[in-house]
Amino acid sequence: MRTVLESQYKRKGYITNSNLTLFGIGSALFPRIFTALKIPSAINFLHFVAIPFACGSVIVKSRSKDLQQIAISRKLLLSLFIFLIVVFASALLNEAGIINTVLDYLLLAEPFILILTIVSIPMNIESYQRFRKWILQAAIINMLFAYIQKYVFRMDKLIGLEDNVKGLFIGQGAGHVLGGSVAMTFAIYYFFTAKDKPLWFRIVVFLGCLNHIIISDTKQVLLSFILGYVLVYFLTLKDIRKGLLYLILGAVFFSVFYWAIYNIEYLSAYTVWIRPELYGSDGEATRLKFATFRLVPQHFHSPLNWLLGLGPGHTVGRLGGWMLETYWNLLAPLGATVHPVSKEIWQAVAASWLGDQSSLFSPLFGWAGIWGDLGIVGLGTYFYMAFVVWRYVCVNDLSKYLMLTVFVFGLIFSQLEEPGYTLFVASMIGLNWQDLKVTSQNKIFSDHFSDQ
């Protein structure tokens, strides 16, 4: 009787932890809906509390005896702690505010915290399916919102055109990119994991998500997923002959695509990138894209700045590039600090005729932000967190592919620090790990009873 009661208590505890984690994910995906309903904008910060709280609850309450699960959790915790030390060291060197330090750390580390949380939850098949169903439903709602914005409210006809098709991310400047990114992440994950659904149905879902990025004119989303696929393929390549075959097929695809963008009006927006004169050593796109690396070192006051940057939130990351200005009335009383180089880089964007053409040319992109704020050491410790996830949590090519698309986005704009997107991808990677773990446990369980 005692064993049954303990089992029921543990199962209840696991459901509680799952609910806390889902609440944290939801607080990153849905807050723009609430602010559109006149809820105070402070709700946009709720996930910064909810995700770490869920993680702490899981770590404290979990009584997992799975040695692999425990080992991975410890490695992730260590990498998160090392990165935290570097962020605080950069803040001390540059006299950045404590709120800068906390927010910058969470913007960058929160997806890894969520992966740690999901990996640490001891799930059975029922809790896994419920967790997965909730997240996939959220992705479907995002796509439905985009279709309603396009085909019902015709928001693409208003000022801003296709940029108004934002899915769940209503009122957010780059909301159309985030909505499209979540849609394509969902499309890839669902197509390869929903094996219980007919192939035709998965293809329909995939095409629906692909149309989402077309109606929102998020060209960089398609580019990131194409480059992510190329990277994951060659990083996992074992058969040279097959590699050559895919190179040939890739060349054929790009040739057809090149023809299509000049001959099919639906794809004509992609021609904006095909202008070779922009990309020379002194081309306008090159000068604008690398403006951060030209301007930030002009403000270094110590050789240590090369190692630790100009401080959290002081350059072109999500915090320094947008959040501090947008939420200044909220963050200034908490001791937030700013640096003049952020405004200088925005001025470089405004001064360039390419500045408002496409985010592909923006100097405010993820890797530049981490380097500017935290220096070479900050980049190194961030990559160490990523390596731990790649090595121990990305158990198949699907997870690696999703992770690499995030890294490609880091070369384009600020999606590397956009919680609505990065936490969704992190949940997909964590779910994929849990999927294989639960499947393996069920197989062992079935084999055990079949031998009895």
# chains A, B, ... in the order shown; residues from 1 in each chain; ligands from 1
$ residues_around --residues "stretch 302-304 of chain A" --least-positions-apart "2" --cutoff "10 Å" --atoms "only C-alpha atoms" --output "PyMOL selection string"
chain A and resi 90+93-94+299-300+306-310+375-376
$ residues_around --residues "A:Gly228" --least-positions-apart "3" --cutoff "8 Å" --atoms "only C-alpha atoms" --output "list in words"
Ser224, Phe225, Leu231, Val232, Tyr401, Leu402, Leu404, Thr405 and Val408 of chain A
$ write_last_selection --atoms "all heavy atoms" --output "PDB file, in the first residue's frame"
ATOM      1  N   SER A 224      17.767  30.139 -43.567  1.00  0.00           N
ATOM      2  CA  SER A 224      18.359  29.512 -42.383  1.00  0.00           C
ATOM      3  C   SER A 224      18.126  28.009 -42.370  1.00  0.00           C
ATOM      4  O   SER A 224      19.022  27.240 -42.009  1.00  0.00           O
ATOM      5  CB  SER A 224      17.786  30.142 -41.106  1.00  0.00           C
ATOM      6  OG  SER A 224      18.139  31.505 -41.014  1.00  0.00           O
ATOM      7  N   PHE A 225      16.933  27.571 -42.765  1.00  0.00           N
ATOM      8  CA  PHE A 225      16.647  26.139 -42.756  1.00  0.00           C
ATOM      9  C   PHE A 225      17.385  25.415 -43.871  1.00  0.00           C
ATOM     10  O   PHE A 225      17.785  24.263 -43.704  1.00  0.00           O
ATOM     11  CB  PHE A 225      15.135  25.906 -42.834  1.00  0.00           C
ATOM     12  CG  PHE A 225      14.464  25.984 -41.492  1.00  0.00           C
ATOM     13  CD1 PHE A 225      14.086  27.205 -40.956  1.00  0.00           C
ATOM     14  CD2 PHE A 225      14.235  24.835 -40.752  1.00  0.00           C
ATOM     15  CE1 PHE A 225      13.485  27.286 -39.715  1.00  0.00           C
ATOM     16  CE2 PHE A 225      13.632  24.898 -39.508  1.00  0.00           C
ATOM     17  CZ  PHE A 225      13.257  26.128 -38.988  1.00  0.00           C
ATOM     18  N   LEU A 231      24.551  22.220 -43.408  1.00  0.00           N
ATOM     19  CA  LEU A 231      25.533  22.037 -42.335  1.00  0.00           C
ATOM     20  C   LEU A 231      25.387  20.680 -41.657  1.00  0.00           C
ATOM     21  O   LEU A 231      26.378  19.964 -41.450  1.00  0.00           O
ATOM     22  CB  LEU A 231      25.376  23.157 -41.295  1.00  0.00           C
ATOM     23  CG  LEU A 231      25.883  24.542 -41.699  1.00  0.00           C
ATOM     24  CD1 LEU A 231      25.508  25.571 -40.641  1.00  0.00           C
ATOM     25  CD2 LEU A 231      27.406  24.517 -41.888  1.00  0.00           C
ATOM     26  N   VAL A 232      24.149  20.323 -41.278  1.00  0.00           N
ATOM     27  CA  VAL A 232      23.975  19.057 -40.562  1.00  0.00           C
ATOM     28  C   VAL A 232      24.304  17.882 -41.461  1.00  0.00           C
ATOM     29  O   VAL A 232      24.835  16.852 -40.990  1.00  0.00           O
ATOM     30  CB  VAL A 232      22.538  18.937 -39.996  1.00  0.00           C
ATOM     31  CG1 VAL A 232      21.516  18.591 -41.072  1.00  0.00           C
ATOM     32  CG2 VAL A 232      22.489  17.883 -38.893  1.00  0.00           C
ATOM     33  N   TYR A 401      19.827  19.249 -36.546  1.00  0.00           N
ATOM     34  CA  TYR A 401      19.358  20.151 -37.591  1.00  0.00           C
ATOM     35  C   TYR A 401      18.672  21.370 -36.990  1.00  0.00           C
ATOM     36  O   TYR A 401      18.963  22.523 -37.360  1.00  0.00           O
ATOM     37  CB  TYR A 401      18.411  19.388 -38.516  1.00  0.00           C
ATOM     38  CG  TYR A 401      17.779  20.217 -39.605  1.00  0.00           C
ATOM     39  CD1 TYR A 401      18.496  21.207 -40.274  1.00  0.00           C
ATOM     40  CD2 TYR A 401      16.445  20.007 -39.984  1.00  0.00           C
ATOM     41  CE1 TYR A 401      17.909  21.956 -41.286  1.00  0.00           C
ATOM     42  CE2 TYR A 401      15.866  20.745 -40.994  1.00  0.00           C
ATOM     43  CZ  TYR A 401      16.593  21.723 -41.638  1.00  0.00           C
ATOM     44  OH  TYR A 401      16.027  22.468 -42.633  1.00  0.00           O
ATOM     45  N   LEU A 402      17.761  21.147 -36.043  1.00  0.00           N
ATOM     46  CA  LEU A 402      17.053  22.260 -35.414  1.00  0.00           C
ATOM     47  C   LEU A 402      18.019  23.191 -34.698  1.00  0.00           C
ATOM     48  O   LEU A 402      17.872  24.424 -34.741  1.00  0.00           O
ATOM     49  CB  LEU A 402      16.001  21.730 -34.443  1.00  0.00           C
ATOM     50  CG  LEU A 402      14.846  20.933 -35.062  1.00  0.00           C
ATOM     51  CD1 LEU A 402      13.895  20.453 -33.984  1.00  0.00           C
ATOM     52  CD2 LEU A 402      14.103  21.759 -36.103  1.00  0.00           C
ATOM     53  N   LEU A 404      21.207  23.685 -35.439  1.00  0.00           N
ATOM     54  CA  LEU A 404      22.027  24.410 -36.414  1.00  0.00           C
ATOM     55  C   LEU A 404      21.244  25.533 -37.090  1.00  0.00           C
ATOM     56  O   LEU A 404      21.830  26.563 -37.458  1.00  0.00           O
ATOM     57  CB  LEU A 404      22.578  23.442 -37.461  1.00  0.00           C
ATOM     58  CG  LEU A 404      23.737  22.563 -36.980  1.00  0.00           C
ATOM     59  CD1 LEU A 404      24.073  21.504 -38.024  1.00  0.00           C
ATOM     60  CD2 LEU A 404      24.971  23.406 -36.670  1.00  0.00           C
ATOM     61  N   THR A 405      19.933  25.369 -37.251  1.00  0.00           N
ATOM     62  CA  THR A 405      19.154  26.474 -37.818  1.00  0.00           C
ATOM     63  C   THR A 405      19.184  27.687 -36.891  1.00  0.00           C
ATOM     64  O   THR A 405      19.219  28.829 -37.364  1.00  0.00           O
ATOM     65  CB  THR A 405      17.696  26.062 -38.080  1.00  0.00           C
ATOM     66  OG1 THR A 405      17.078  25.625 -36.867  1.00  0.00           O
ATOM     67  CG2 THR A 405      17.616  24.951 -39.105  1.00  0.00           C
ATOM     68  N   VAL A 408      22.469  29.373 -37.502  1.00  0.00           N
ATOM     69  CA  VAL A 408      22.452  30.148 -38.749  1.00  0.00           C
ATOM     70  C   VAL A 408      21.694  31.453 -38.538  1.00  0.00           C
ATOM     71  O   VAL A 408      22.126  32.519 -38.999  1.00  0.00           O
ATOM     72  CB  VAL A 408      21.825  29.331 -39.892  1.00  0.00           C
ATOM     73  CG1 VAL A 408      21.674  30.202 -41.137  1.00  0.00           C
ATOM     74  CG2 VAL A 408      22.673  28.110 -40.210  1.00  0.00           C
TER      75      VAL A 408
END
$ residues_around --residues "A:Leu29" --least-positions-apart "2" --cutoff "8 Å" --atoms "only C-alpha atoms" --output "list in words"
Ile25, Gly26, Ser27, Pro31, Arg32, Ala138, Leu168, Phe169, Pro419, Gly420, Tyr421 and Phe424 of chain A
$ atom_distance --atom1 "atom CA of A:Pro52" --atom2 "atom CA of A:Ala194"
29.7 Å
$ residues_around --residues "A:Asn211" --least-positions-apart "5" --cutoff "12 Å" --atoms "only C-alpha atoms" --output "VMD selection string"
chain A and resid 143 to 144 146 to 147 150 165 179 to 180 183 to 184 187 204 to 206 216 to 219 221 to 222 266 to 267
$ atom_distance --atom1 "atom CA of A:Ala96" --atom2 "atom CA of A:Asn329"
17.5 Å
$ select_by_dssp --residues "stretch 181-429 of chain A" --states "helix (DSSP H, G or I)" --output "MDAnalysis selection string"
chainID A and resid 181:193 199:215 219:235 240:263 265:273 276:278 284:289 291:299 304:308 318:326 328:334 340:351 359:361 366:392 397:409 415:417 419:429
$ residues_around --residues "A:Arg63" --least-positions-apart "2" --cutoff "10 Å" --atoms "only C-alpha atoms" --output "PyMOL selection string"
chain A and resi 10+14+58-61+65-66+70+120-122
$ write_last_selection --atoms "N, CA, C and O atoms" --output "PDB file, in the first residue's frame"
ATOM      1  N   LYS A  10       4.615  10.509  -6.516  1.00  0.00           N
ATOM      2  CA  LYS A  10       5.653  10.844  -7.480  1.00  0.00           C
ATOM      3  C   LYS A  10       5.040  11.234  -8.823  1.00  0.00           C
ATOM      4  O   LYS A  10       5.461  12.196  -9.450  1.00  0.00           O
ATOM      5  N   TYR A  14       5.523  14.710 -10.804  1.00  0.00           N
ATOM      6  CA  TYR A  14       5.994  14.834 -12.178  1.00  0.00           C
ATOM      7  C   TYR A  14       5.041  15.693 -13.006  1.00  0.00           C
ATOM      8  O   TYR A  14       5.464  16.516 -13.786  1.00  0.00           O
ATOM      9  N   VAL A  58      12.108  21.130 -10.778  1.00  0.00           N
ATOM     10  CA  VAL A  58      12.402  19.794 -11.328  1.00  0.00           C
ATOM     11  C   VAL A  58      13.650  19.215 -10.669  1.00  0.00           C
ATOM     12  O   VAL A  58      13.676  18.038 -10.271  1.00  0.00           O
ATOM     13  N   ILE A  59      14.704  20.025 -10.547  1.00  0.00           N
ATOM     14  CA  ILE A  59      15.964  19.535  -9.976  1.00  0.00           C
ATOM     15  C   ILE A  59      15.790  19.145  -8.513  1.00  0.00           C
ATOM     16  O   ILE A  59      16.309  18.119  -8.055  1.00  0.00           O
ATOM     17  N   VAL A  60      15.034  19.951  -7.768  1.00  0.00           N
ATOM     18  CA  VAL A  60      14.847  19.680  -6.337  1.00  0.00           C
ATOM     19  C   VAL A  60      13.929  18.486  -6.102  1.00  0.00           C
ATOM     20  O   VAL A  60      14.198  17.625  -5.250  1.00  0.00           O
ATOM     21  N   LYS A  61      12.838  18.394  -6.867  1.00  0.00           N
ATOM     22  CA  LYS A  61      11.828  17.363  -6.624  1.00  0.00           C
ATOM     23  C   LYS A  61      12.116  16.039  -7.326  1.00  0.00           C
ATOM     24  O   LYS A  61      11.638  14.996  -6.900  1.00  0.00           O
ATOM     25  N   LYS A  65      16.503   7.940 -10.969  1.00  0.00           N
ATOM     26  CA  LYS A  65      17.637   7.047 -10.718  1.00  0.00           C
ATOM     27  C   LYS A  65      18.346   6.669 -12.020  1.00  0.00           C
ATOM     28  O   LYS A  65      19.226   5.805 -12.013  1.00  0.00           O
ATOM     29  N   ASP A  66      17.930   7.303 -13.120  1.00  0.00           N
ATOM     30  CA  ASP A  66      18.550   7.049 -14.414  1.00  0.00           C
ATOM     31  C   ASP A  66      19.923   7.708 -14.436  1.00  0.00           C
ATOM     32  O   ASP A  66      20.036   8.939 -14.416  1.00  0.00           O
ATOM     33  N   ILE A  70      20.969  11.719 -15.002  1.00  0.00           N
ATOM     34  CA  ILE A  70      21.684  12.472 -13.956  1.00  0.00           C
ATOM     35  C   ILE A  70      22.983  13.048 -14.499  1.00  0.00           C
ATOM     36  O   ILE A  70      23.316  14.216 -14.247  1.00  0.00           O
ATOM     37  N   SER A 120      15.561  16.600 -17.379  1.00  0.00           N
ATOM     38  CA  SER A 120      15.593  16.145 -15.991  1.00  0.00           C
ATOM     39  C   SER A 120      14.250  15.608 -15.497  1.00  0.00           C
ATOM     40  O   SER A 120      14.173  15.043 -14.407  1.00  0.00           O
ATOM     41  N   ILE A 121      13.177  15.807 -16.270  1.00  0.00           N
ATOM     42  CA  ILE A 121      11.861  15.307 -15.850  1.00  0.00           C
ATOM     43  C   ILE A 121      11.755  13.820 -16.184  1.00  0.00           C
ATOM     44  O   ILE A 121      11.884  13.432 -17.349  1.00  0.00           O
ATOM     45  N   PRO A 122      11.520  12.967 -15.196  1.00  0.00           N
ATOM     46  CA  PRO A 122      11.324  11.535 -15.490  1.00  0.00           C
ATOM     47  C   PRO A 122       9.925  11.308 -16.076  1.00  0.00           C
ATOM     48  O   PRO A 122       8.942  11.246 -15.350  1.00  0.00           O
TER      49      PRO A 122
END
$ residues_around --residues "A:Gln347" --least-positions-apart "3" --cutoff "12 Å" --atoms "only C-alpha atoms" --output "PyMOL selection string"
chain A and resi 288+291-292+295+321+340-344+350-353+355+362-364
$ atom_distance --atom1 "atom CA of A:Leu80" --atom2 "atom CA of A:Trp390"
14.5 Å
$ closest_residue --among "A:Phe365, A:Ser440, A:Val395, A:Asn305" --to "A:Gly320" --atoms "only C-alpha atoms"
A:Phe365
$ closest_residue --among "A:Trp346, A:Tyr229, A:Phe145, A:Phe153" --to "A:Cys209" --atoms "only C-alpha atoms"
A:Phe145
$ decode --residues "stretch 66-103 of chain A" --atoms "N, CA and C atoms" --output "mmCIF file, in the first residue's frame"
data_model
loop_
_atom_site.group_PDB
_atom_site.id
_atom_site.type_symbol
_atom_site.label_atom_id
_atom_site.label_comp_id
_atom_site.auth_asym_id
_atom_site.auth_seq_id
_atom_site.Cartn_x
_atom_site.Cartn_y
_atom_site.Cartn_z
ATOM 1 N N ASP A 66 17.930 7.303 -13.120
ATOM 2 C CA ASP A 66 18.550 7.049 -14.414
ATOM 3 C C ASP A 66 19.923 7.708 -14.436
ATOM 4 N N LEU A 67 20.975 6.900 -14.498
ATOM 5 C CA LEU A 67 22.337 7.440 -14.421
ATOM 6 C C LEU A 67 22.659 8.354 -15.596
ATOM 7 N N GLN A 68 22.162 8.008 -16.790
ATOM 8 C CA GLN A 68 22.402 8.855 -17.963
ATOM 9 C C GLN A 68 21.737 10.214 -17.792
ATOM 10 N N GLN A 69 20.506 10.202 -17.298
ATOM 11 C CA GLN A 69 19.768 11.437 -17.080
ATOM 12 C C GLN A 69 20.487 12.323 -16.061
ATOM 13 N N ILE A 70 20.969 11.719 -15.002
ATOM 14 C CA ILE A 70 21.684 12.472 -13.956
ATOM 15 C C ILE A 70 22.983 13.048 -14.499
ATOM 16 N N ALA A 71 23.721 12.269 -15.267
ATOM 17 C CA ALA A 71 25.003 12.721 -15.802
ATOM 18 C C ALA A 71 24.826 13.900 -16.758
ATOM 19 N N ILE A 72 23.817 13.815 -17.636
ATOM 20 C CA ILE A 72 23.572 14.907 -18.579
ATOM 21 C C ILE A 72 23.162 16.171 -17.834
ATOM 22 N N SER A 73 22.314 16.020 -16.826
ATOM 23 C CA SER A 73 21.868 17.174 -16.043
ATOM 24 C C SER A 73 23.043 17.870 -15.371
ATOM 25 N N ARG A 74 23.961 17.089 -14.846
ATOM 26 C CA ARG A 74 25.129 17.685 -14.184
ATOM 27 C C ARG A 74 26.020 18.425 -15.167
ATOM 28 N N LYS A 75 26.205 17.869 -16.352
ATOM 29 C CA LYS A 75 27.031 18.542 -17.375
ATOM 30 C C LYS A 75 26.396 19.850 -17.813
ATOM 31 N N LEU A 76 25.065 19.834 -17.992
ATOM 32 C CA LEU A 76 24.372 21.060 -18.376
ATOM 33 C C LEU A 76 24.454 22.107 -17.270
ATOM 34 N N LEU A 77 24.284 21.678 -16.023
ATOM 35 C CA LEU A 77 24.391 22.610 -14.894
ATOM 36 C C LEU A 77 25.775 23.238 -14.817
ATOM 37 N N LEU A 78 26.805 22.445 -15.021
ATOM 38 C CA LEU A 78 28.177 22.962 -14.978
ATOM 39 C C LEU A 78 28.400 23.997 -16.075
ATOM 40 N N SER A 79 27.948 23.706 -17.286
ATOM 41 C CA SER A 79 28.140 24.651 -18.387
ATOM 42 C C SER A 79 27.380 25.951 -18.141
ATOM 43 N N LEU A 80 26.187 25.853 -17.569
ATOM 44 C CA LEU A 80 25.406 27.048 -17.242
ATOM 45 C C LEU A 80 26.101 27.878 -16.164
ATOM 46 N N PHE A 81 26.715 27.220 -15.199
ATOM 47 C CA PHE A 81 27.414 27.918 -14.122
ATOM 48 C C PHE A 81 28.657 28.631 -14.649
ATOM 49 N N ILE A 82 29.402 27.983 -15.530
ATOM 50 C CA ILE A 82 30.602 28.603 -16.117
ATOM 51 C C ILE A 82 30.214 29.848 -16.907
ATOM 52 N N PHE A 83 29.148 29.742 -17.688
ATOM 53 C CA PHE A 83 28.702 30.897 -18.468
ATOM 54 C C PHE A 83 28.258 32.032 -17.542
ATOM 55 N N LEU A 84 27.608 31.693 -16.440
ATOM 56 C CA LEU A 84 27.178 32.701 -15.467
ATOM 57 C C LEU A 84 28.381 33.460 -14.906
ATOM 58 N N ILE A 85 29.455 32.767 -14.601
ATOM 59 C CA ILE A 85 30.665 33.412 -14.083
ATOM 60 C C ILE A 85 31.212 34.417 -15.096
ATOM 61 N N VAL A 86 31.237 34.039 -16.356
ATOM 62 C CA VAL A 86 31.764 34.918 -17.404
ATOM 63 C C VAL A 86 30.897 36.162 -17.546
ATOM 64 N N VAL A 87 29.573 36.010 -17.522
ATOM 65 C CA VAL A 87 28.676 37.160 -17.646
ATOM 66 C C VAL A 87 28.898 38.130 -16.483
ATOM 67 N N PHE A 88 29.039 37.619 -15.268
ATOM 68 C CA PHE A 88 29.278 38.482 -14.111
ATOM 69 C C PHE A 88 30.655 39.132 -14.189
ATOM 70 N N ALA A 89 31.645 38.419 -14.688
ATOM 71 C CA ALA A 89 32.985 38.993 -14.837
ATOM 72 C C ALA A 89 32.956 40.157 -15.820
ATOM 73 N N SER A 90 32.238 39.990 -16.933
ATOM 74 C CA SER A 90 32.100 41.065 -17.910
ATOM 75 C C SER A 90 31.375 42.263 -17.306
ATOM 76 N N ALA A 91 30.356 42.002 -16.502
ATOM 77 C CA ALA A 91 29.602 43.081 -15.859
ATOM 78 C C ALA A 91 30.483 43.864 -14.889
ATOM 79 N N LEU A 92 31.302 43.163 -14.115
ATOM 80 C CA LEU A 92 32.201 43.830 -13.165
ATOM 81 C C LEU A 92 33.249 44.671 -13.883
ATOM 82 N N LEU A 93 33.814 44.139 -14.953
ATOM 83 C CA LEU A 93 34.838 44.864 -15.705
ATOM 84 C C LEU A 93 34.285 46.150 -16.293
ATOM 85 N N ASN A 94 33.030 46.107 -16.730
ATOM 86 C CA ASN A 94 32.448 47.244 -17.461
ATOM 87 C C ASN A 94 31.409 48.023 -16.665
ATOM 88 N N GLU A 95 31.276 47.688 -15.373
ATOM 89 C CA GLU A 95 30.354 48.387 -14.479
ATOM 90 C C GLU A 95 28.918 48.375 -15.026
ATOM 91 N N ALA A 96 28.510 47.239 -15.523
ATOM 92 C CA ALA A 96 27.137 47.080 -16.010
ATOM 93 C C ALA A 96 26.196 46.857 -14.836
ATOM 94 N N GLY A 97 24.955 47.276 -14.990
ATOM 95 C CA GLY A 97 23.976 47.123 -13.925
ATOM 96 C C GLY A 97 23.652 45.662 -13.667
ATOM 97 N N ILE A 98 23.220 45.364 -12.456
ATOM 98 C CA ILE A 98 22.889 43.986 -12.090
ATOM 99 C C ILE A 98 21.708 43.489 -12.918
ATOM 100 N N ILE A 99 20.763 44.375 -13.248
ATOM 101 C CA ILE A 99 19.623 43.949 -14.062
ATOM 102 C C ILE A 99 20.093 43.607 -15.468
ATOM 103 N N ASN A 100 21.088 44.340 -15.989
ATOM 104 C CA ASN A 100 21.684 43.978 -17.276
ATOM 105 C C ASN A 100 22.243 42.562 -17.228
ATOM 106 N N THR A 101 22.964 42.293 -16.148
ATOM 107 C CA THR A 101 23.642 41.002 -16.000
ATOM 108 C C THR A 101 22.645 39.853 -15.975
ATOM 109 N N VAL A 102 21.605 40.011 -15.175
ATOM 110 C CA VAL A 102 20.603 38.950 -15.032
ATOM 111 C C VAL A 102 19.858 38.721 -16.351
ATOM 112 N N LEU A 103 19.402 39.817 -16.965
ATOM 113 C CA LEU A 103 18.620 39.676 -18.195
ATOM 114 C C LEU A 103 19.461 39.138 -19.347
#
